[in-house]
Every structure is written in C-alpha cells, then in structure tokens.
>>> print(open('entry.txt').read())   # compact mmCIF, C-alpha atoms
# COMPACT_ATOMS: atom_id res chain seq x y z
CA MET A 2 -20.74 -17.57 10.87
CA ALA A 3 -17.31 -19.11 11.42
CA GLU A 4 -15.23 -17.45 14.10
CA CYS A 5 -11.87 -18.06 15.70
CA PRO A 6 -11.79 -21.27 17.70
CA MET A 7 -10.60 -19.23 20.67
CA ALA A 8 -13.83 -17.25 20.58
CA ILE A 9 -15.61 -20.40 21.71
CA ASP A 10 -12.97 -22.13 23.76
CA THR A 11 -9.25 -22.70 23.64
CA MET A 12 -7.56 -23.64 20.38
CA THR A 13 -7.16 -27.24 21.54
CA ASN A 14 -10.91 -27.86 21.60
CA SER A 15 -12.30 -30.08 18.88
CA LEU A 16 -14.46 -28.73 16.09
CA THR A 17 -17.36 -30.90 17.35
CA ASN A 18 -17.36 -29.23 20.77
CA ILE A 19 -17.21 -25.81 19.10
CA THR A 20 -20.25 -26.60 16.97
CA MET A 21 -22.24 -27.80 19.99
CA MET A 22 -21.45 -24.69 21.97
CA VAL A 23 -22.41 -22.36 19.12
CA THR A 24 -25.69 -24.24 18.65
CA GLY A 25 -26.53 -23.82 22.33
CA ASN A 26 -26.01 -20.10 22.05
CA SER A 27 -27.83 -19.56 18.74
CA SER A 28 -30.19 -16.99 20.25
CA LEU A 29 -27.30 -15.03 21.77
CA GLU A 30 -25.37 -15.21 18.53
CA SER A 31 -28.41 -13.89 16.65
CA ASP A 32 -28.63 -10.91 19.03
CA ILE A 33 -24.93 -10.19 18.58
CA GLN A 34 -25.29 -10.33 14.80
CA GLN A 35 -28.14 -7.83 14.94
CA LEU A 36 -26.04 -5.59 17.18
CA LYS A 37 -23.11 -5.76 14.75
CA PHE A 38 -25.36 -5.00 11.79
CA LEU A 39 -26.78 -1.91 13.51
CA GLY A 40 -23.48 -0.71 14.97
CA TYR A 41 -21.12 -1.40 12.08
CA GLY A 42 -23.32 -2.00 9.06
CA VAL A 43 -25.56 1.04 9.59
CA ILE A 44 -24.17 3.58 12.06
CA GLY A 45 -20.51 2.89 11.35
CA SER A 46 -21.04 3.11 7.60
CA VAL A 47 -22.84 6.46 7.91
CA VAL A 48 -20.09 7.87 10.13
CA ILE A 49 -17.37 6.74 7.74
CA GLY A 50 -19.27 8.06 4.72
CA LEU A 51 -19.76 11.51 6.26
CA GLY A 52 -16.16 11.55 7.44
CA ILE A 53 -14.74 10.67 4.03
CA LEU A 54 -16.90 13.35 2.40
CA GLY A 55 -15.89 15.98 4.95
CA ASN A 56 -12.18 15.25 4.75
CA MET A 57 -12.21 15.17 0.94
CA ILE A 58 -13.86 18.60 0.95
CA ASN A 59 -11.30 19.71 3.50
CA LEU A 60 -8.39 18.68 1.27
CA ILE A 61 -9.95 20.43 -1.72
CA VAL A 62 -10.41 23.62 0.28
CA LEU A 63 -6.98 23.52 1.94
CA THR A 64 -5.18 23.17 -1.40
CA ARG A 65 -6.49 26.54 -2.59
CA PRO A 66 -3.72 29.14 -3.21
CA ASN A 67 -5.18 31.62 -0.71
CA LEU A 68 -4.80 29.15 2.16
CA LYS A 69 -1.12 29.21 2.89
CA GLY A 70 0.62 29.10 6.24
CA VAL A 71 1.69 26.78 9.01
CA THR A 72 -1.79 26.23 10.43
CA PHE A 73 -3.13 25.06 7.07
CA VAL A 74 -0.14 22.73 6.64
CA TYR A 75 -1.14 21.00 9.89
CA LEU A 76 -4.81 20.92 8.88
CA SER A 77 -3.99 19.45 5.46
CA TRP A 78 -2.04 16.56 6.95
CA LEU A 79 -4.65 16.12 9.68
CA ALA A 80 -7.30 15.76 6.99
CA THR A 81 -5.05 13.29 5.16
CA SER A 82 -4.59 11.15 8.28
CA ASP A 83 -8.30 11.23 9.06
CA LEU A 84 -9.18 10.32 5.47
CA MET A 85 -6.75 7.39 5.41
CA THR A 86 -8.04 6.25 8.81
CA LEU A 87 -11.61 6.16 7.55
CA LEU A 88 -10.70 4.48 4.26
CA VAL A 89 -8.78 1.68 5.98
CA SER A 90 -11.55 1.43 8.58
CA THR A 91 -13.93 0.24 5.89
CA THR A 92 -12.08 -3.09 5.92
CA SER A 93 -12.21 -3.08 9.72
CA LEU A 94 -16.00 -2.68 9.61
CA LEU A 95 -16.23 -5.75 7.40
CA ARG A 96 -14.25 -7.73 9.99
CA LEU A 97 -16.22 -6.39 12.95
CA HIS A 98 -19.47 -7.13 11.13
CA GLY A 99 -18.20 -10.64 10.33
CA VAL A 100 -18.49 -10.36 6.54
CA GLN A 101 -14.82 -9.96 5.63
CA PRO A 102 -13.29 -12.12 2.87
CA ARG A 103 -12.19 -15.52 4.17
CA SER A 104 -9.44 -16.31 1.67
CA PHE A 105 -5.87 -17.01 2.77
CA VAL A 106 -4.61 -13.73 1.26
CA ALA A 107 -7.35 -11.76 3.07
CA SER A 108 -6.48 -13.49 6.34
CA LEU A 109 -2.86 -12.38 5.92
CA TYR A 110 -4.03 -8.78 5.56
CA TYR A 111 -6.34 -8.97 8.58
CA ALA A 112 -3.71 -10.75 10.68
CA TYR A 113 -0.60 -8.70 9.95
CA VAL A 114 -1.65 -5.39 8.34
CA GLU A 115 -5.17 -4.17 9.08
CA LEU A 116 -5.00 -3.44 12.83
CA ALA A 117 -1.54 -1.91 12.67
CA LEU A 118 -2.34 0.24 9.63
CA VAL A 119 -5.64 1.69 10.79
CA ASN A 120 -4.35 2.37 14.31
CA ALA A 121 -1.15 3.96 12.99
CA PHE A 122 -3.16 6.46 10.93
CA MET A 123 -5.37 7.10 13.96
CA ALA A 124 -2.31 7.75 16.10
CA SER A 125 -0.80 10.11 13.51
CA SER A 126 -4.05 12.09 13.53
CA VAL A 127 -3.95 12.31 17.32
CA PHE A 128 -0.33 13.49 17.32
CA LEU A 129 -1.12 16.11 14.67
CA VAL A 130 -3.99 17.45 16.78
CA VAL A 131 -1.56 17.75 19.71
CA ALA A 132 1.02 19.54 17.50
CA LEU A 133 -1.64 21.94 16.21
CA THR A 134 -2.85 22.64 19.74
CA ILE A 135 0.70 23.35 20.90
CA ASP A 136 1.08 25.79 17.99
CA ARG A 137 -2.16 27.51 19.02
CA TYR A 138 -1.03 27.56 22.66
CA PHE A 139 2.07 29.53 21.74
CA SER A 140 -0.05 31.88 19.63
CA VAL A 141 -2.43 32.73 22.47
CA CYS A 142 -0.44 32.22 25.65
CA LEU A 143 3.19 32.83 24.62
CA PRO A 144 2.98 35.29 21.71
CA THR A 145 6.56 36.50 22.23
CA ARG A 146 7.86 33.01 21.38
CA TYR A 147 5.25 32.25 18.73
CA LYS A 148 7.59 32.73 15.77
CA GLU A 149 10.00 30.15 17.21
CA VAL A 150 7.49 27.35 16.69
CA HIS A 151 5.17 28.80 14.06
CA ASN A 152 7.19 28.20 10.90
CA ASN A 153 7.18 25.72 8.04
CA ARG A 154 10.41 24.04 9.13
CA ARG A 155 9.07 23.20 12.59
CA ALA A 156 5.74 22.13 11.11
CA ARG A 157 7.38 19.70 8.67
CA ARG A 158 9.45 18.21 11.49
CA ALA A 159 6.40 17.80 13.71
CA ILE A 160 4.44 16.13 10.91
CA ILE A 161 7.27 13.71 10.09
CA VAL A 162 7.71 12.85 13.78
CA ALA A 163 3.94 12.29 14.12
CA TYR A 164 3.86 9.75 11.29
CA VAL A 165 7.12 7.98 12.12
CA LEU A 166 6.25 7.69 15.80
CA ALA A 167 2.73 6.46 15.04
CA PHE A 168 3.86 3.69 12.70
CA CYS A 169 6.74 2.64 14.95
CA ILE A 170 4.43 2.33 17.96
CA TYR A 171 2.15 -0.10 16.12
CA VAL A 172 4.81 -2.43 14.68
CA PRO A 173 4.27 -5.01 17.51
CA ILE A 174 0.54 -5.15 16.65
CA CYS A 175 1.53 -6.89 13.41
CA PHE A 176 2.31 -10.00 15.49
CA GLN A 177 -0.86 -9.97 17.59
CA LYS A 178 -2.80 -12.24 15.21
CA LYS A 179 -2.14 -15.06 12.78
CA PRO A 180 -4.18 -16.81 10.05
CA ILE A 181 -6.12 -19.88 11.19
CA ALA A 182 -7.65 -22.48 8.87
CA VAL A 183 -11.25 -23.40 9.80
CA HIS A 184 -13.29 -26.21 8.23
CA THR A 185 -16.95 -25.39 7.72
CA GLU A 186 -19.98 -27.70 7.71
CA LYS A 187 -19.91 -27.56 3.89
CA ASN A 188 -16.47 -29.20 3.98
CA GLU A 189 -14.84 -25.94 2.89
CA THR A 190 -11.66 -24.46 4.30
CA ILE A 191 -11.74 -20.78 5.17
CA TYR A 192 -9.08 -18.63 6.82
CA ILE A 193 -9.63 -16.25 9.71
CA ALA A 194 -7.22 -13.90 11.46
CA CYS A 195 -7.19 -14.96 15.12
CA GLU A 196 -5.22 -13.91 18.16
CA ASN A 197 -1.82 -15.49 18.51
CA PRO A 198 -1.95 -16.64 22.17
CA THR A 199 1.81 -16.92 22.39
CA VAL A 200 2.09 -13.18 21.74
CA PHE A 201 -1.23 -11.82 23.00
CA ASN A 202 -1.08 -13.50 26.41
CA HIS A 203 2.57 -12.65 27.01
CA THR A 204 3.14 -10.32 29.96
CA GLY A 205 5.46 -8.14 27.90
CA PHE A 206 2.84 -7.66 25.19
CA ARG A 207 0.14 -6.77 27.72
CA PHE A 208 2.52 -4.21 29.22
CA TYR A 209 3.17 -2.86 25.71
CA LEU A 210 -0.58 -2.41 25.17
CA LEU A 211 -0.82 -0.37 28.36
CA ILE A 212 2.13 1.87 27.45
CA LYS A 213 0.77 2.27 23.92
CA GLU A 214 -2.60 3.46 25.19
CA ILE A 215 -0.92 5.96 27.49
CA ILE A 216 1.12 7.39 24.60
CA VAL A 217 -1.61 7.36 21.96
CA ARG A 218 -4.81 8.12 23.87
CA ILE A 219 -4.54 8.87 27.59
CA GLY A 220 -1.47 11.12 27.29
CA PRO A 221 -2.88 13.24 24.44
CA VAL A 222 -6.20 13.60 26.29
CA ILE A 223 -4.37 15.03 29.32
CA ILE A 224 -2.15 17.29 27.18
CA LEU A 225 -5.08 18.62 25.14
CA ALA A 226 -7.13 19.22 28.28
CA ILE A 227 -4.34 21.20 29.97
CA LEU A 228 -3.40 23.24 26.90
CA ASN A 229 -6.96 24.05 25.85
CA ILE A 230 -8.02 24.98 29.38
CA THR A 231 -5.04 27.33 29.50
CA ILE A 232 -6.03 28.78 26.12
CA ILE A 233 -9.62 29.27 27.28
CA VAL A 234 -8.52 31.04 30.48
CA THR A 235 -6.20 33.30 28.48
CA PHE A 236 -9.00 34.12 26.04
CA ARG A 237 -11.29 35.11 28.89
CA ARG A 238 -8.66 37.38 30.34
CA THR A 239 -8.22 38.99 26.94
CA VAL A 240 -11.98 39.47 26.64
CA ARG A 241 -12.16 41.17 30.04
CA LYS A 242 -9.28 43.47 29.20
CA ARG A 243 -10.82 44.47 25.88
CA ARG A 244 -14.16 45.16 27.51
CA SER A 245 -12.50 47.24 30.17
CA LEU A 246 -10.60 49.26 27.60
CA LEU A 247 -13.72 49.63 25.48
CA ASN A 248 -15.82 50.90 28.38
CA SER A 249 -13.15 53.34 29.57
CA SER A 250 -12.42 54.81 26.14
CA ASN A 251 -14.50 57.29 24.18
CA SER A 252 -14.56 55.23 20.99
CA SER A 253 -17.20 55.74 18.35
CA GLN A 254 -20.31 53.60 18.14
CA SER A 255 -19.03 51.83 15.01
CA ASN A 256 -15.78 50.91 16.77
CA GLN A 257 -17.72 49.59 19.74
CA LYS A 258 -19.85 47.42 17.49
CA GLU A 259 -16.75 46.11 15.75
CA SER A 260 -15.11 45.28 19.09
CA ASN A 261 -18.27 43.61 20.38
CA ARG A 262 -18.47 41.53 17.21
CA LYS A 263 -14.86 40.39 17.64
CA LEU A 264 -15.52 39.55 21.29
CA MET A 265 -18.47 37.42 20.26
CA GLU A 266 -16.29 35.61 17.71
CA GLU A 267 -13.63 34.97 20.35
CA ARG A 268 -16.25 33.64 22.74
CA ARG A 269 -17.43 31.24 20.02
CA LEU A 270 -13.85 30.09 19.47
CA VAL A 271 -13.46 29.45 23.21
CA VAL A 272 -16.58 27.26 23.16
CA LEU A 273 -15.25 25.36 20.13
CA LEU A 274 -11.89 24.78 21.80
CA GLY A 275 -13.70 23.34 24.78
CA GLY A 276 -15.78 21.23 22.44
CA ILE A 277 -12.62 19.81 20.85
CA VAL A 278 -11.38 18.61 24.24
CA ILE A 279 -14.74 17.10 25.16
CA LEU A 280 -15.09 15.43 21.75
CA PHE A 281 -11.61 13.94 21.95
CA PHE A 282 -12.08 12.73 25.52
CA VAL A 283 -15.53 11.22 24.95
CA CYS A 284 -14.57 9.53 21.66
CA MET A 285 -11.12 8.22 22.55
CA THR A 286 -11.40 7.11 26.18
CA PRO A 287 -13.72 4.10 25.53
CA ALA A 288 -11.39 2.95 22.74
CA ALA A 289 -8.45 3.00 25.15
CA VAL A 290 -10.35 0.80 27.62
CA LEU A 291 -11.44 -1.50 24.77
CA THR A 292 -7.85 -2.15 23.71
CA LEU A 293 -6.98 -3.41 27.18
CA LEU A 294 -10.11 -5.59 27.46
CA ASN A 295 -10.39 -6.86 23.88
CA SER A 296 -10.10 -10.60 23.34
CA ASP A 297 -11.44 -13.23 20.95
CA HIS A 298 -12.64 -15.15 24.03
CA LYS A 299 -15.37 -12.50 24.49
CA GLU A 300 -16.83 -12.90 21.01
CA LEU A 301 -20.09 -14.30 22.43
CA GLU A 302 -20.47 -11.85 25.36
CA PHE A 303 -23.29 -9.46 24.42
CA GLY A 304 -22.33 -6.81 26.99
CA PHE A 305 -18.77 -6.67 25.76
CA GLN A 306 -19.85 -6.58 22.10
CA LEU A 307 -22.19 -3.68 22.87
CA PHE A 308 -19.39 -1.74 24.56
CA ARG A 309 -17.05 -2.67 21.70
CA ALA A 310 -19.47 -1.35 19.08
CA ILE A 311 -20.00 1.92 20.97
CA ALA A 312 -16.26 2.43 21.48
CA ASN A 313 -15.41 1.71 17.84
CA VAL A 314 -18.14 3.97 16.45
CA LEU A 315 -17.18 6.80 18.82
CA GLU A 316 -13.54 6.51 17.80
CA LEU A 317 -14.50 6.68 14.12
CA ALA A 318 -16.72 9.69 14.86
CA ASN A 319 -13.73 11.55 16.30
CA PHE A 320 -11.84 11.29 13.00
CA ALA A 321 -14.97 11.93 10.95
CA MET A 322 -15.89 15.12 12.81
CA ASN A 323 -12.46 16.73 12.98
CA PHE A 324 -13.06 18.53 9.67
CA TYR A 325 -16.39 20.00 10.74
CA VAL A 326 -15.06 21.17 14.10
CA TYR A 327 -11.89 22.78 12.74
CA CYS A 328 -13.75 24.28 9.81
CA LEU A 329 -15.93 26.16 12.28
CA CYS A 330 -12.80 27.52 13.96
CA SER A 331 -11.36 29.08 10.80
CA SER A 332 -13.02 31.95 8.94
CA GLU A 333 -10.57 31.54 6.06
CA ILE A 334 -11.61 27.92 5.50
CA ARG A 335 -15.27 28.91 5.62
CA THR A 336 -14.68 31.75 3.17
CA THR A 337 -12.81 29.51 0.74
CA PHE A 338 -15.49 26.83 1.07
CA LEU A 339 -18.20 29.37 0.20
CA ARG A 340 -16.15 30.64 -2.71
CA LEU A 341 -15.79 27.10 -4.09
CA PHE A 342 -19.16 25.54 -3.35
CA CYS A 343 -21.50 28.47 -2.83
CA CYS A 344 -20.66 30.99 -5.54
CA ALA A 345 -19.70 28.44 -8.19
CA ASP A 346 -22.24 25.70 -7.68
CA THR A 347 -25.44 27.28 -6.43
CA GLN A 348 -27.96 29.77 -7.75
CA LEU A 349 -27.22 32.39 -5.11
CA SER A 350 -26.97 35.86 -6.53
CA GLU A 351 -23.52 37.32 -6.92
CA GLN A 352 -24.31 40.16 -4.58
CA ASN A 353 -25.48 37.87 -1.78
CA CYS A 354 -22.43 35.67 -2.14
CA ILE A 355 -20.05 38.63 -2.11
CA SER A 356 -21.83 39.96 0.96
CA ARG A 357 -21.44 36.67 2.79
CA LEU A 358 -17.77 36.42 1.88
CA HIS A 359 -17.23 39.98 3.06
CA MET A 360 -18.78 39.19 6.43
CA GLU A 361 -16.61 36.08 6.80
CA ASN A 362 -13.45 37.97 5.90
CA ASN A 363 -14.11 40.45 8.64
CA ILE A 364 -14.11 37.65 11.23
CA GLN A 365 -10.62 36.72 12.40
CA MET A 366 -9.66 33.30 13.69
>>> encode(input="entry.txt", output="structure tokens")
Amino acid sequence: MAECPMAIDTMTNSLTNITMMVTGNSSLESDIQQLKFLGYGVIGSVVIGLGILGNMINLIVLTRPNLKGVTFVYLSWLATSDLMTLLVSTTSLLRLHGVQPRSFVASLYYAYVELALVNAFMASSVFLVVALTIDRYFSVCLPTRYKEVHNNRRARRAIIVAYVLAFCIYVPICFQKKPIAVHTEKNETIYIACENPTVFNHTGFRFYLLIKEIIVRIGPVIILAILNITIIVTFRRTVRKRRSLLNSSNSSQSNQKESNRKLMEERRLVVLLGGIVILFFVCMTPAAVLTLLNSDHKELEFGFQLFRAIANVLELANFAMNFYVYCLCSSEIRTTFLRLFCCADTQLSEQNCISRLHMENNIQM
C-alpha cells in the first residue's frame, strides 16, 4: 500500500530507501492493516451505519406537524449536522483504511476538502449541543428568564452562529495537506494527500491546532459538565421539595401515584443528562489529544495507530448516538416515533398502540 513519503522518512528520501524500509517492516505493516480493517472497515462502518439510520429516523420524526417548538428546531439541526458528519466520514474511513481513490481529483478532495468538511460538521454538532444545553439550563435553573432565550428568533441565531463559527474555524485545515505524486512498483503514478510540512510544522499552525481543540472540544466539555451538573443538582432539589410537599399534604392515593411517577421520570432524565456529559467527555477527549499528536511520520507506529483508531471510532460514536440519547429524553419524540413506526408498520393491535401512546403522553419531558 503506497503511503506518503513522510510516513516513512522525510520527503527528501529516495523512493529506493522508502521501499527498503517498508520491506523491513512488512510484519508491522501487516498488523497495522489488520488493525485498520477491524477498526475502520468493521467497527467504524457499523457505527456509521447505525448513526445514519438513527439520524434519518430522527429527521423524519422531527418533521411531523405535532413536533413544533424551539427544542425541536435545535434537535432537527443537530440531527442534520450529525447526519452530514457521518456521511462525509464514509470518505474518511476509506482514507484511514487506506483504500481511498488515488486519482489526482480524489487527492485534491482529500488534501483540501475532506478534513475541513467533516470536522466543520462535527464542530457545528458540538456547538448545537451546547446551545441546546444552555436552553435547557435556563428552563430548569432560571425559569424566570426562560422566555428571553427560548424563542425561534434566538434559536435561529444560535444555529447560524454554530455553523458559521464551525466552518470558519476549520478554514486553515484546508492548507494542512497537499497532493503528492507517488510512483508505484508497477510504474504507475498515483496521488496521495500528504501533510504540507511548510504549514503543518509551522509554530503558528501548531498553536492554531491547540486553540481550535480548546474551542471545539475541551471548552464544550467543560461547559457541558458545569451546566449539566447544575441542572442535575437543581432537579434533585426539585425532587426533594415535591416529596416533602407530597408527604405533608393529604392528597389522594391517585395523586400520590401520579406524583411518584413524575418523580421517577425526572430521576431518569437526570441520569440521562449525566450520561450525555459522560458520553461527550469519553468520546471527544481522545479525539482532541489525537489532533495534537497526529502526524504522517507515525503511520508505521502500531501503538499510535491503535490509539488513533479508538479515538476516531469513539468520536464517530458520539455523533451516531446523539439521536438515541436525546430520543430517550423526549416523550414527544417517542410518542411520534411510535405513531409512525409502531401503529402504521407493525401488527400491534390498535388498542395496545393507543394505550402505549397514552402512557407516553402522560410523561412530561
């Protein structure tokens, strides 16, 4: 498999020396190829497939007339960003697996477009998650000011800012690589997108990578952790107050059951909010470290390639699982999903389906 000359040595090395070095590491290269096949060809493909399916279902559900409001506007665009991320990532998997097209046109795409495009959609998804969490923070912790931020005008502004900021941040990435012509043993010329050392090794560009990771990954992780911990603490206080009021009042048994059911739903939402923070932190932190360590020079380092595969798959899993996590948080999305895919497409009896929908409608977000 032809790789960038820099993956073996510097670009000034001769092709003969490159061939000798690759031959001496044939066993290592074979292990790396097996790792890439398992990580990207198998696991990565499954993650992307499930993510595309989930986000397509999400968009179908969120476009139903009964799902209107600011929260569903955020979720619709979040699903769009996640879907575009996963679709563009299919070309990234080909590159990571080493089976991407080697034409000159393909090398232009992989050099100047692919990394910037996929990371820009990833960043827009991250920013939308932050905007949605801020909206939820005002709903739970600052209800008196909730209407100031929870409106369509603010939501549209936040969405536009998320996309514009994401794509602007990744403009410099377009210059990180350049097409390189490589002559194979069959006397064929193929083209590979390789790091541009003039740009990649520049101190200013390395500083840019650090700032970018702080804005796109580390910063959002800290913000989400703080906001969601605050939301969880506020929920617990609300639960204690409701229990206290319930125990001190002479409410009927049916009212007590209804209150207990709502408390159980709120407790489940608290767990899910905590899960969102953990999922985001676990999936995004390795990718942030990878960006700072990534280099074509480490193409034949098995340890680095293992970490790279884990980090990339985890990052993809974050965007693939967003739909499933947020769907669990919203009774209205679950109800609409059942109405579309349960009542219409399965053999469940009408009475059972209506009963399930009725139970879901009684559960508030």
>>> atom_distance(input="entry.txt", atom1="CA of Ile181 (chain A)", atom2="CA of Ala124 (chain A)")
28.3 Å
>>> residues_around(input="entry.txt", residues="Gly52 (chain A)", least_positions_apart="4", cutoff="10 Å", atoms="only C-alpha atoms", output="PyMOL selection string")
chain A and resi 46-48+56-58+80+83-84+86-88+317-325
>>> write_last_selection(input="entry.txt", atoms="C-alpha atoms", output="JSON list (two decimals), in the coordinates of the input")
[["chain", "number", "residue", "atom", "x", "y", "z"],
["A", 46, "SER", "CA", -21.04, 3.11, 7.60],
["A", 47, "VAL", "CA", -22.84, 6.46, 7.91],
["A", 48, "VAL", "CA", -20.09, 7.87, 10.13],
["A", 56, "ASN", "CA", -12.18, 15.25, 4.75],
["A", 57, "MET", "CA", -12.21, 15.17, 0.94],
["A", 58, "ILE", "CA", -13.86, 18.60, 0.95],
["A", 80, "ALA", "CA", -7.30, 15.76, 6.99],
["A", 83, "ASP", "CA", -8.30, 11.23, 9.06],
["A", 84, "LEU", "CA", -9.18, 10.32, 5.47],
["A", 86, "THR", "CA", -8.04, 6.25, 8.81],
["A", 87, "LEU", "CA", -11.61, 6.16, 7.55],
["A", 88, "LEU", "CA", -10.70, 4.48, 4.26],
["A", 317, "LEU", "CA", -14.50, 6.68, 14.12],
["A", 318, "ALA", "CA", -16.72, 9.69, 14.86],
["A", 319, "ASN", "CA", -13.73, 11.55, 16.30],
["A", 320, "PHE", "CA", -11.84, 11.29, 13.00],
["A", 321, "ALA", "CA", -14.97, 11.93, 10.95],
["A", 322, "MET", "CA", -15.89, 15.12, 12.81],
["A", 323, "ASN", "CA", -12.46, 16.73, 12.98],
["A", 324, "PHE", "CA", -13.06, 18.53, 9.67],
["A", 325, "TYR", "CA", -16.39, 20.00, 10.74]]
>>> atom_distance(input="entry.txt", atom1="CA of Val71 (chain A)", atom2="CA of Cys169 (chain A)")
25.4 Å
>>> atom_distance(input="entry.txt", atom1="CA of Phe168 (chain A)", atom2="CA of Tyr209 (chain A)")
14.6 Å
>>> closest_residue(input="entry.txt", among="A:Val100, A:Val89, A:Val234, A:Leu339", to="Glu115 (chain A)", atoms="only C-alpha atoms")
A:Val89
>>> residues_around(input="entry.txt", residues="Leu79 (chain A)", least_positions_apart="4", cutoff="8 Å", atoms="all atoms listed in the file", output="list in words")
Tyr75, Asp83, Ser126, Leu129 and Val130 of chain A
